[in-house]
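Novice: Supplied structure: my_file10.pdb, PDB, C-alpha atoms, pLDDT in the B column.
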ATOM      1  CA  MET N 121      -3.321 -22.228   2.873  1.00 57.00           C
ATOM      2  CA  THR N 122      -5.884 -20.016   1.172  1.00 78.00           C
ATOM      3  CA  ALA N 123      -8.302 -20.285   4.127  1.00 85.00           C
ATOM      4  CA  TYR N 124      -5.526 -19.279   6.564  1.00 89.00           C
ATOM      5  CA  GLY N 125      -4.484 -16.372   4.341  1.00 90.00           C
ATOM      6  CA  LEU N 126      -8.064 -15.145   4.020  1.00 91.00           C
ATOM      7  CA  ALA N 127      -8.493 -15.386   7.810  1.00 92.00           C
ATOM      8  CA  VAL N 128      -5.422 -13.175   8.309  1.00 93.00           C
ATOM      9  CA  LEU N 129      -6.667 -10.654   5.742  1.00 93.00           C
ATOM     10  CA  ASP N 130     -10.143 -10.661   7.307  1.00 91.00           C
ATOM     11  CA  ALA N 131      -8.595 -10.040  10.745  1.00 93.00           C
ATOM     12  CA  LEU N 132      -6.751  -6.997   9.342  1.00 92.00           C
ATOM     13  CA  GLN N 133     -10.070  -5.468   8.300  1.00 91.00           C
ATOM     14  CA  VAL N 134     -10.615  -4.231  11.891  1.00 91.00           C
ATOM     15  CA  LEU N 135      -7.785  -1.738  11.291  1.00 92.00           C
ATOM     16  CA  HIS N 136      -9.751   0.113   8.613  1.00 89.00           C
ATOM     17  CA  THR N 137     -10.580   3.755   9.233  1.00 92.00           C
ATOM     18  CA  SER N 138     -10.966   6.468   6.610  1.00 94.00           C
ATOM     19  CA  TRP N 139      -7.587   7.921   7.641  1.00 96.00           C
ATOM     20  CA  CYS N 140      -5.822   4.522   7.495  1.00 96.00           C
ATOM     21  CA  ASP N 141      -7.491   3.707   4.185  1.00 96.00           C
ATOM     22  CA  GLN N 142      -6.198   6.922   2.615  1.00 97.00           C
ATOM     23  CA  MET N 143      -2.719   6.405   4.053  1.00 97.00           C
ATOM     24  CA  MET N 144      -2.488   2.795   2.827  1.00 97.00           C
ATOM     25  CA  VAL N 145      -3.680   3.716  -0.659  1.00 97.00           C
ATOM     26  CA  CYS N 146      -0.974   6.398  -0.748  1.00 97.00           C
ATOM     27  CA  ILE N 147       1.707   4.037   0.575  1.00 97.00           C
ATOM     28  CA  THR N 148       0.846   1.267  -1.868  1.00 97.00           C
ATOM     29  CA  SER N 149       0.881   3.738  -4.766  1.00 96.00           C
ATOM     30  CA  LEU N 150       4.507   4.586  -3.921  1.00 96.00           C
ATOM     31  CA  GLY N 151       5.337   1.006  -4.861  1.00 95.00           C
ATOM     32  CA  ASN N 152       3.409   1.026  -8.151  1.00 95.00           C
ATOM     33  CA  ALA N 153       5.866   0.116 -10.908  1.00 92.00           C
ATOM     34  CA  GLY N 154       8.666   0.588  -8.349  1.00 92.00           C
ATOM     35  CA  ALA N 155       8.208   4.365  -8.699  1.00 94.00           C
ATOM     36  CA  VAL N 156       9.602   5.470  -5.336  1.00 97.00           C
ATOM     37  CA  TRP N 157      12.586   3.126  -5.720  1.00 97.00           C
ATOM     38  CA  ILE N 158      13.364   4.376  -9.213  1.00 97.00           C
ATOM     39  CA  VAL N 159      13.402   7.925  -7.820  1.00 96.00           C
ATOM     40  CA  PHE N 160      15.777   6.799  -5.044  1.00 94.00           C
ATOM     41  CA  ALA N 161      18.030   5.146  -7.631  1.00 96.00           C
ATOM     42  CA  VAL N 162      18.135   8.247  -9.845  1.00 96.00           C
ATOM     43  CA  VAL N 163      19.016  10.459  -6.862  1.00 95.00           C
ATOM     44  CA  LEU N 164      21.793   8.036  -5.877  1.00 94.00           C
ATOM     45  CA  LEU N 165      23.099   7.972  -9.455  1.00 94.00           C
ATOM     46  CA  LEU N 166      23.456  11.766  -9.475  1.00 95.00           C
ATOM     47  CA  ARG N 167      26.175  11.832  -6.799  1.00 93.00           C
ATOM     48  CA  ARG N 168      29.511  10.252  -7.552  1.00 91.00           C
ATOM     49  CA  ARG N 169      29.839   8.999  -3.969  1.00 90.00           C
ATOM     50  CA  THR N 170      26.543   7.047  -4.156  1.00 90.00           C
ATOM     51  CA  ARG N 171      26.542   6.168  -7.854  1.00 91.00           C
ATOM     52  CA  ALA N 172      27.506   2.533  -7.243  1.00 91.00           C
ATOM     53  CA  ILE N 173      24.568   2.072  -4.881  1.00 92.00           C
ATOM     54  CA  GLY N 174      22.256   3.650  -7.471  1.00 93.00           C
ATOM     55  CA  ILE N 175      23.483   1.092  -9.985  1.00 93.00           C
ATOM     56  CA  TYR N 176      22.906  -1.715  -7.444  1.00 94.00           C
ATOM     57  CA  CYS N 177      19.372  -0.419  -6.932  1.00 96.00           C
ATOM     58  CA  ILE N 178      18.537  -0.368 -10.655  1.00 96.00           C
ATOM     59  CA  LEU N 179      20.037  -3.843 -11.089  1.00 96.00           C
ATOM     60  CA  ALA N 180      18.079  -5.136  -8.062  1.00 97.00           C
ATOM     61  CA  LEU N 181      14.831  -3.733  -9.438  1.00 97.00           C
ATOM     62  CA  LEU N 182      15.472  -5.332 -12.828  1.00 97.00           C
ATOM     63  CA  LEU N 183      16.246  -8.698 -11.219  1.00 97.00           C
ATOM     64  CA  SER N 184      13.134  -8.613  -9.049  1.00 97.00           C
ATOM     65  CA  PHE N 185      10.937  -7.616 -12.009  1.00 97.00           C
ATOM     66  CA  LEU N 186      12.368 -10.438 -14.096  1.00 97.00           C
ATOM     67  CA  CYS N 187      12.026 -13.093 -11.397  1.00 97.00           C
ATOM     68  CA  CYS N 188       8.690 -11.995  -9.985  1.00 97.00           C
ATOM     69  CA  ASN N 189       6.645 -10.525 -12.815  1.00 96.00           C
ATOM     70  CA  LEU N 190       8.048 -12.279 -15.859  1.00 97.00           C
ATOM     71  CA  ILE N 191       8.831 -15.735 -14.452  1.00 97.00           C
ATOM     72  CA  LEU N 192       7.099 -16.654 -11.179  1.00 97.00           C
ATOM     73  CA  LYS N 193       3.688 -14.962 -11.482  1.00 97.00           C
ATOM     74  CA  PRO N 194       2.897 -16.374 -14.945  1.00 97.00           C
ATOM     75  CA  LEU N 195       4.312 -19.774 -13.994  1.00 97.00           C
ATOM     76  CA  LEU N 196       2.421 -20.165 -10.698  1.00 96.00           C
ATOM     77  CA  MET N 197      -0.775 -18.253 -11.656  1.00 95.00           C
ATOM     78  CA  ARG N 198      -2.072 -17.826  -8.106  1.00 96.00           C
ATOM     79  CA  PRO N 199      -5.355 -15.882  -8.008  1.00 95.00           C
ATOM     80  CA  ARG N 200      -5.633 -12.805  -5.827  1.00 96.00           C
ATOM     81  CA  PRO N 201      -7.452 -12.977  -2.482  1.00 95.00           C
ATOM     82  CA  PHE N 202     -10.178 -10.469  -3.364  1.00 95.00           C
ATOM     83  CA  LEU N 203     -11.488 -13.038  -5.867  1.00 92.00           C
ATOM     84  CA  PHE N 204     -12.429 -15.272  -2.909  1.00 92.00           C
ATOM     85  CA  SER N 205     -14.211 -12.562  -0.921  1.00 89.00           C
ATOM     86  CA  ASP N 206     -16.770  -9.827  -1.345  1.00 88.00           C
ATOM     87  CA  VAL N 207     -14.431  -7.200   0.107  1.00 90.00           C
ATOM     88  CA  GLU N 208     -14.695  -3.753  -1.462  1.00 90.00           C
ATOM     89  CA  LEU N 209     -11.313  -2.771  -2.878  1.00 93.00           C
ATOM     90  CA  LEU N 210      -9.968   0.718  -2.252  1.00 94.00           C
ATOM     91  CA  VAL N 211      -7.768   0.602  -5.366  1.00 95.00           C
ATOM     92  CA  ALA N 212      -8.249  -0.717  -8.873  1.00 95.00           C
ATOM     93  CA  ALA N 213      -8.135  -4.502  -8.995  1.00 93.00           C
ATOM     94  CA  PRO N 214      -4.799  -5.699 -10.401  1.00 94.00           C
ATOM     95  CA  HIS N 215      -5.096  -7.959 -13.429  1.00 93.00           C
ATOM     96  CA  ASP N 216      -1.951 -10.018 -12.918  1.00 94.00           C
ATOM     97  CA  TYR N 217      -1.430 -12.916 -10.535  1.00 96.00           C
ATOM     98  CA  SER N 218      -0.803 -12.745  -6.815  1.00 95.00           C
ATOM     99  CA  PHE N 219       2.280 -14.858  -6.021  1.00 96.00           C
ATOM    100  CA  PRO N 220       4.771 -13.427  -5.233  1.00 97.00           C
ATOM    101  CA  SER N 221       3.980  -9.815  -4.410  1.00 97.00           C
ATOM    102  CA  GLY N 222       5.736  -7.577  -6.921  1.00 97.00           C
ATOM    103  CA  HIS N 223       5.417  -4.564  -4.616  1.00 97.00           C
ATOM    104  CA  ALA N 224       7.149  -6.452  -1.789  1.00 98.00           C
ATOM    105  CA  ALA N 225       9.804  -7.892  -4.124  1.00 98.00           C
ATOM    106  CA  SER N 226      10.722  -4.563  -5.717  1.00 98.00           C
ATOM    107  CA  SER N 227      10.626  -2.729  -2.386  1.00 98.00           C
ATOM    108  CA  PHE N 228      12.883  -5.160  -0.579  1.00 98.00           C
ATOM    109  CA  SER N 229      15.245  -5.581  -3.537  1.00 98.00           C
ATOM    110  CA  ALA N 230      15.758  -1.825  -3.705  1.00 97.00           C
ATOM    111  CA  ALA N 231      15.953  -1.448   0.084  1.00 97.00           C
ATOM    112  CA  THR N 232      18.580  -4.182   0.259  1.00 97.00           C
ATOM    113  CA  ALA N 233      20.631  -2.488  -2.454  1.00 95.00           C
ATOM    114  CA  ILE N 234      20.250   0.964  -0.882  1.00 94.00           C
ATOM    115  CA  SER N 235      21.073  -0.333   2.597  1.00 92.00           C
ATOM    116  CA  ALA N 236      24.712  -0.381   1.481  1.00 83.00           C
ATOM    117  CA  CYS N 237      24.606   3.394   2.184  1.00 77.00           C
ATOM    118  CA  GLY N 238      24.738   2.707   5.917  1.00 82.00           C
ATOM    119  CA  LYS N 239      22.674   1.907   8.983  1.00 85.00           C
ATOM    120  CA  ARG N 240      20.500   5.051   9.124  1.00 88.00           C
ATOM    121  CA  MET N 241      19.577   4.816   5.465  1.00 89.00           C
ATOM    122  CA  ALA N 242      18.942   1.072   5.827  1.00 93.00           C
ATOM    123  CA  ILE N 243      16.451   1.645   8.645  1.00 95.00           C
ATOM    124  CA  ALA N 244      14.561   4.245   6.609  1.00 95.00           C
ATOM    125  CA  VAL N 245      14.351   2.260   3.371  1.00 96.00           C
ATOM    126  CA  TYR N 246      13.467  -1.011   5.093  1.00 97.00           C
ATOM    127  CA  ALA N 247      10.714   0.796   7.041  1.00 97.00           C
ATOM    128  CA  LEU N 248       9.304   2.146   3.780  1.00 98.00           C
ATOM    129  CA  ALA N 249       9.594  -1.281   2.132  1.00 98.00           C
ATOM    130  CA  ALA N 250       7.779  -2.898   5.075  1.00 98.00           C
ATOM    131  CA  ALA N 251       5.010  -0.271   4.924  1.00 98.00           C
ATOM    132  CA  ILE N 252       4.523  -0.889   1.199  1.00 98.00           C
ATOM    133  CA  ALA N 253       4.459  -4.671   1.730  1.00 98.00           C
ATOM    134  CA  PHE N 254       1.965  -4.354   4.612  1.00 98.00           C
ATOM    135  CA  SER N 255      -0.262  -2.094   2.523  1.00 97.00           C
ATOM    136  CA  ARG N 256      -0.756  -4.969   0.086  1.00 97.00           C
ATOM    137  CA  LEU N 257      -2.246  -7.071   2.900  1.00 97.00           C
ATOM    138  CA  TYR N 258      -4.303  -4.208   4.315  1.00 97.00           C
ATOM    139  CA  LEU N 259      -5.797  -3.538   0.877  1.00 97.00           C
ATOM    140  CA  TYR N 260      -6.658  -7.261   0.395  1.00 96.00           C
ATOM    141  CA  LEU N 261      -4.495  -7.507  -2.734  1.00 96.00           C
ATOM    142  CA  HIS N 262      -2.156 -10.314  -1.612  1.00 96.00           C
ATOM    143  CA  PHE N 263      -2.161 -13.309   0.674  1.00 96.00           C
ATOM    144  CA  PRO N 264       0.405 -13.195   3.520  1.00 97.00           C
ATOM    145  CA  GLY N 265       2.468 -15.881   1.765  1.00 96.00           C
ATOM    146  CA  ASP N 266       2.625 -13.744  -1.385  1.00 97.00           C
ATOM    147  CA  VAL N 267       4.088 -10.865   0.591  1.00 98.00           C
ATOM    148  CA  ALA N 268       6.514 -13.100   2.529  1.00 98.00           C
ATOM    149  CA  ALA N 269       7.744 -14.645  -0.723  1.00 98.00           C
ATOM    150  CA  GLY N 270       8.103 -11.181  -2.266  1.00 98.00           C
ATOM    151  CA  VAL N 271      10.165  -9.998   0.703  1.00 98.00           C
ATOM    152  CA  LEU N 272      12.506 -13.007   0.486  1.00 98.00           C
ATOM    153  CA  LEU N 273      12.799 -12.769  -3.284  1.00 98.00           C
ATOM    154  CA  GLY N 274      13.491  -9.044  -3.035  1.00 98.00           C
ATOM    155  CA  ILE N 275      16.235  -9.449  -0.432  1.00 97.00           C
ATOM    156  CA  CYS N 276      17.871 -12.134  -2.575  1.00 97.00           C
ATOM    157  CA  CYS N 277      17.694  -9.918  -5.670  1.00 97.00           C
ATOM    158  CA  GLY N 278      19.161  -6.969  -3.758  1.00 96.00           C
ATOM    159  CA  LEU N 279      22.052  -9.057  -2.449  1.00 96.00           C
ATOM    160  CA  LEU N 280      22.641 -10.582  -5.883  1.00 95.00           C
ATOM    161  CA  ALA N 281      22.678  -7.119  -7.472  1.00 95.00           C
ATOM    162  CA  ARG N 282      25.319  -5.935  -5.005  1.00 91.00           C
ATOM    163  CA  ARG N 283      27.399  -9.071  -5.614  1.00 90.00           C
ATOM    164  CA  LEU N 284      27.131  -8.790  -9.406  1.00 89.00           C
ATOM    165  CA  GLY N 285      28.006  -5.098  -9.315  1.00 83.00           C
ATOM    166  CA  LYS N 286      31.156  -5.790  -7.329  1.00 78.00           C
ATOM    167  CA  ASN N 287      32.199  -8.967  -9.163  1.00 74.00           C
ATOM    168  CA  PHE N 288      31.876  -7.462 -12.610  1.00 65.00           C
ATOM    169  CA  ALA N 289      33.464  -4.158 -11.572  1.00 55.00           C
ATOM    170  CA  ILE N 290      30.340  -2.309 -12.647  1.00 55.00           C
ATOM    171  CA  CYS N 291      30.875  -0.166  -9.601  1.00 51.00           C
ATOM    172  CA  LYS N 292      34.589   0.579  -9.480  1.00 52.00           C
ATOM    173  CA  GLU N 293      34.210   3.369  -6.932  1.00 49.00           C
ATOM    174  CA  ASP N 294      32.461   1.038  -4.501  1.00 50.00           C
ATOM    175  CA  ASN N 295      35.190  -1.584  -4.859  1.00 44.00           C
ATOM    176  CA  GLN N 296      37.860   1.041  -4.102  1.00 46.00           C
ATOM    177  CA  HIS N 297      36.103   2.358  -0.960  1.00 45.00           C
ATOM    178  CA  ARG N 298      35.652  -1.017   0.737  1.00 43.00           C
TER     179      ARG N 298
END
Please lay out the structure from this file as structure tokens.
Specialist:
Amino acid sequence: MTAYGLAVLDALQVLHTSWCDQMMVCITSLGNAGAVWIVFAVVLLLRRRTRAIGIYCILALLLSFLCCNLILKPLLMRPRPFLFSDVELLVAAPHDYSFPSGHAASSFSAATAISACGKRMAIAVYALAAAIAFSRLYLYLHFPGDVAAGVLLGICCGLLARRLGKNFAICKEDNQHR
């Protein structure tokens, strides 16, 4: 599996240009510590009409952080792909483990929670989540399987957050509008 993953990452190296490199570094930094998603959540929390979705987003981010960063990464301890190659990284080398991708997990958990706002918002947040996840491959920071697992974990966390919010009446306004 590692050889296949490295082959995919090596194949992506043909996409590198100075413009793409700068763009991917910027895109991946949006996902650092879930920053862009925390901003989205805060904005959603400010309006009464979207407050429930803001709560879903925060809950989804907490669930993905717990599952990905505190449980799975330390348990599985998969090394990062740049350790198997002499590729020059464009960002600082992360010191945690690779599987699953925390950027992909947090991005897709938040996007899944936020997608409750409607179709147009869903398209925008899923596009951003996909760009952040792809940037992790482009920058040689994760194997494809790490990103795929992060996406699946994130979607599950986002759906679970929405379910928990509704079941425990955390979001009364959302329950009344549906």
Novice: For each of N:Leu166, N:Leu273, N:Leu279, N:Ala247, take the minimum atom-to-atom distance to N:Phe219, counting all atoms listed in the file, then give the residue where this is smallest.
Specialist: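 For N:Phe219, the nearest of the candidates is N:Leu273.
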Novice: If you measure from atom CA of N:Val162 to atom CA of N:Leu272, what distance in Å do you get, rounded to one decimal?
Specialist: 24.3 Å
Novice: For this file, the PyMOL selection byres ((chain N and resi 177) around 12) selects which residues, as number ranges by chain?
Specialist: N: 154, 156-165, 170-176, 178-184, 226-237, 245, 274-275, 277-285, 291
Novice: Under the PyMOL selection byres ((chain N and resi 144) around 9), which residues of this model are included? Write them out as a PDB file with C-alpha atoms, keeping the file's coordinate frame.
Specialist:
ATOM      1  CA  TRP N 139      -7.587   7.921   7.641  1.00 96.00           C
ATOM      2  CA  CYS N 140      -5.822   4.522   7.495  1.00 96.00           C
ATOM      3  CA  ASP N 141      -7.491   3.707   4.185  1.00 96.00           C
ATOM      4  CA  GLN N 142      -6.198   6.922   2.615  1.00 97.00           C
ATOM      5  CA  MET N 143      -2.719   6.405   4.053  1.00 97.00           C
ATOM      6  CA  VAL N 145      -3.680   3.716  -0.659  1.00 97.00           C
ATOM      7  CA  CYS N 146      -0.974   6.398  -0.748  1.00 97.00           C
ATOM      8  CA  ILE N 147       1.707   4.037   0.575  1.00 97.00           C
ATOM      9  CA  THR N 148       0.846   1.267  -1.868  1.00 97.00           C
ATOM     10  CA  SER N 149       0.881   3.738  -4.766  1.00 96.00           C
ATOM     11  CA  ALA N 251       5.010  -0.271   4.924  1.00 98.00           C
ATOM     12  CA  ILE N 252       4.523  -0.889   1.199  1.00 98.00           C
ATOM     13  CA  PHE N 254       1.965  -4.354   4.612  1.00 98.00           C
ATOM     14  CA  SER N 255      -0.262  -2.094   2.523  1.00 97.00           C
ATOM     15  CA  ARG N 256      -0.756  -4.969   0.086  1.00 97.00           C
ATOM     16  CA  TYR N 258      -4.303  -4.208   4.315  1.00 97.00           C
ATOM     17  CA  LEU N 259      -5.797  -3.538   0.877  1.00 97.00           C
TER      18      LEU N 259
END
Novice: Report the distance between atom CA of N:Leu126 and atom CA of N:Leu257 in Å, rounded to one decimal place.
Specialist: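 One can read the atom CA of N:Leu126 to atom CA of N:Leu257 distance as 10.0 Å.
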Novice: Just checking: using only C-alpha atoms, which residue out of N:Leu261, N:Leu248, N:Cys276, N:Ala153 ends up closest to N:Leu203?
Specialist: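 Among the listed residues, the smallest separation from N:Leu203 belongs to N:Leu261.
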Novice: Rank nothing, just name the residue among N:Ala123, N:Leu150, N:Gly265, N:His215 nearest to N:Ala249, using all atoms listed in the file.
Specialist: N:Leu150
Novice: Separation of atom CA of N:Val128 and atom CA of N:Phe204, in Å?
Specialist: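 So the two atoms, atom CA of N:Val128 and atom CA of N:Phe204, lie 13.4 Å apart.
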Novice: With distances taken over only C-alpha atoms, which residue among N:Val207, N:Ala212, N:Ala253, N:Leu186 lies nearest N:Ala224?
Specialist: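 Between N:Val207, N:Ala212, N:Ala253, N:Leu186, the residue approaching N:Ala224 most closely is N:Ala253.
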Novice: Taking the file as shown, what set of residues would the PyMOL selection byres ((chain N and resi 199) around 10) give back, as a list in words?
Specialist: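 Listing what the PyMOL selection byres ((chain N and resi 199) around 10) selects in the shown file: Lys193, Leu196, Met197, Arg198, Arg200, Pro201, Phe202, Leu203, Phe204, His215, Asp216, Tyr217, Ser218, Phe219, Leu261, His262 and Phe263 of chain N.
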